[in-house]
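A.B. asks: Handing you a structure now.
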Amino acid sequence: LSLVVILISFLIPRLVTLYPGGTDDLPRETRALLAVSDAVVGNLPWILTGVLLLGLGVFAAARSTRARIAVSRATLRLPRLGELLRMLATSRFAKTATLLHDAGCDIVESLTMAGESCGNSYLALAFSRATDQVRRGATIAGALEQQPGIDPFLVQLVGVGESSGDLGGCLRNLTRAYDRDIPRTVKWALSLIEPAVVLIGGVVVLGILLAALLPIVSLYETL
């Protein structure tokens with residue numbers, strides 16, 4: 001992104017001086033690139049102000065509970081990434097709940113602290129609502145199952161743990177399973193993201209350079 005901004009803001013305006021004649025004789029692609037360059041250079045203060053205001057808005061939204069919940073909910077719906085984030089939050093919840101359960105803490109207190117430590121505002125709210133139902137006498141699995149967004153695998157293992165009397169062991173099985181799956185998922189995602197970013201960036205930069213140098217190539221051919 002920085003390279004694209006540098007090309008459009010600094011390189012392209014200087015290349016214009018190399019073109020003999022007016023810009024009306026330039027190819028359509030080059031004229032479009034020059035229009036973008038003129039728009040960026042001419043409105044640079046407004047663009048920087050907009051970026052600053054956007055950053056301040058994001059910072060303010062990050063401090064708002066409602067905004068954090070909305071963003072967390074939206075990220076959970078993203079393909080692949082949402083499933084990875086759900087796995088990470090569920091694994092944190094299960095690890096904390098297991099530690100507190102093994103330490104002899106009250107189940108409601110364990111669920112409360114585990115939900116707050118999951119790292120996802122939307123799921124933390126779901127865990128909090130489920131904990132309230134457990135406090136009123138509901139089973140843990142039943143309370144979790146009623147909350148949208150909760151991992152079905154967690155609900156299944158909690159149900160098994162409650163019926164067998166080995167809740168801590170079932171939660172440990174979940175964390176072990178996700179400790180194996182999460183690194184593989186992250187490695188798979190990075191193996192796709194890295195070449196995709198390089199490819200897209202290369203195509204954009206190549207397109208800008210070709211559009212900028214096209215008049216020179218055309219002039220060389222006419223000569």
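Identifiers in the structure tokens: chain A, B, ... in order shown; residue index from 1 per chain; ligand index from 1 in order shown.
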Can you tell me which residues surround A:Ile140 at a distance of at most 8 Å, considering only C-alpha atoms, apart from same-chain residues fewer than 5 positions away, and format the answer as an MDAnalysis selection string?
C.D. replies: chainID A and resid 130:131 134 158:159 162
A.B. asks: Since we have the selection now, will you write its residues out, keeping all heavy atoms, as a short mmCIF file (atom, residue, chain, number, x, y, z; two decimals), in the first residue's frame?
C.D. replies:
data_model
loop_
_atom_site.label_atom_id
_atom_site.label_comp_id
_atom_site.auth_asym_id
_atom_site.auth_seq_id
_atom_site.Cartn_x
_atom_site.Cartn_y
_atom_site.Cartn_z
N ALA A 130 -25.15 -17.71 29.52
CA ALA A 130 -25.24 -19.12 29.88
C ALA A 130 -24.95 -19.32 31.37
O ALA A 130 -25.60 -20.14 32.04
CB ALA A 130 -24.25 -19.94 29.04
N THR A 131 -24.00 -18.57 31.90
CA THR A 131 -23.67 -18.68 33.32
C THR A 131 -24.86 -18.26 34.19
O THR A 131 -25.13 -18.86 35.24
CB THR A 131 -22.45 -17.81 33.65
OG1 THR A 131 -21.34 -18.22 32.84
CG2 THR A 131 -22.06 -17.93 35.11
N VAL A 134 -27.12 -21.16 34.35
CA VAL A 134 -26.60 -22.19 35.25
C VAL A 134 -26.83 -21.79 36.69
O VAL A 134 -27.18 -22.62 37.54
CB VAL A 134 -25.10 -22.42 34.97
CG1 VAL A 134 -24.50 -23.36 36.01
CG2 VAL A 134 -24.89 -22.98 33.57
N VAL A 158 -19.07 -30.82 27.03
CA VAL A 158 -19.58 -30.44 28.35
C VAL A 158 -20.72 -31.35 28.75
O VAL A 158 -20.82 -31.78 29.91
CB VAL A 158 -20.01 -28.97 28.35
CG1 VAL A 158 -20.81 -28.65 29.62
CG2 VAL A 158 -18.80 -28.05 28.27
N GLY A 159 -21.59 -31.69 27.79
CA GLY A 159 -22.68 -32.61 28.09
C GLY A 159 -22.16 -33.98 28.50
O GLY A 159 -22.67 -34.59 29.46
N GLU A 162 -20.66 -33.65 32.03
CA GLU A 162 -21.67 -33.56 33.09
C GLU A 162 -22.30 -34.93 33.37
O GLU A 162 -22.54 -35.29 34.53
CB GLU A 162 -22.75 -32.55 32.70
CG GLU A 162 -22.32 -31.10 32.83
CD GLU A 162 -23.45 -30.14 32.55
OE1 GLU A 162 -24.02 -30.21 31.43
OE2 GLU A 162 -23.77 -29.31 33.42
#
A.B. asks: Please identify the helix (DSSP H, G or I) residues within stretch 13-222 of chain A (assignment by DSSP from backbone atoms) and present them as number ranges by chain.
C.D. replies: A: 13-16, 23-25, 28-42, 44-62, 65-76, 81-102, 107-116, 121-135, 140-145, 152-164, 167-222
A.B. asks: Mind pulling up the distance from atom CA of A:Ser121 to atom CA of A:Phe153?
C.D. replies: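 Computed distance, atom CA of A:Phe153 to atom CA of A:Ser121, equals 19.7 Å.
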A.B. asks: Considering only C-alpha atoms, can you say which of A:Ser2, A:Ser191, A:Thr65, A:Thr175 comes closest to A:Thr98?
C.D. replies: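 Of the candidates, the smallest distance to A:Thr98 is held by A:Thr175.
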A.B. asks: Which polymer residues have any atom within 7 Å of an atom of stretch 28-45 of chain A, counting only C-alpha atoms, with same-chain residues fewer than 5 positions away left out, as a list of chain:residue names?
C.D. replies: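 Counting only C-alpha atoms, the residues come to A:Ile8, A:Ser9, A:Ile12, A:Thr23, A:Ala211, A:Ala212.
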A.B. asks: Here is a test: counting only C-alpha atoms, which residue of A:Leu84, A:Ala89, A:Leu123, A:Leu210 is nearest to A:Arg184?
C.D. replies: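 The closest residue to A:Arg184 is A:Leu84.
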A.B. asks: Identify which of the residues A:Val5, A:Leu192, A:Ala94, A:Ile208 lies closest to A:Leu157, counting only C-alpha atoms when measuring atom-to-atom distances.
C.D. replies: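 Among A:Val5, A:Leu192, A:Ala94, A:Ile208, it is A:Ala94 that comes nearest to A:Leu157.
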A.B. asks: Can you pull out the residues contacting A:Leu144? Cut-off 8 Å, using only C-alpha atoms, and skip same-chain residues under 3 positions away; I want them as a ChimeraX atom specification.
C.D. replies: /A:126-127,130,140-141,147,150,155
A.B. asks: What gap, in Å, lies between atom CA of A:Val203 and atom CA of A:Leu7?
C.D. replies: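 These two atoms are separated by 13.7 Å.
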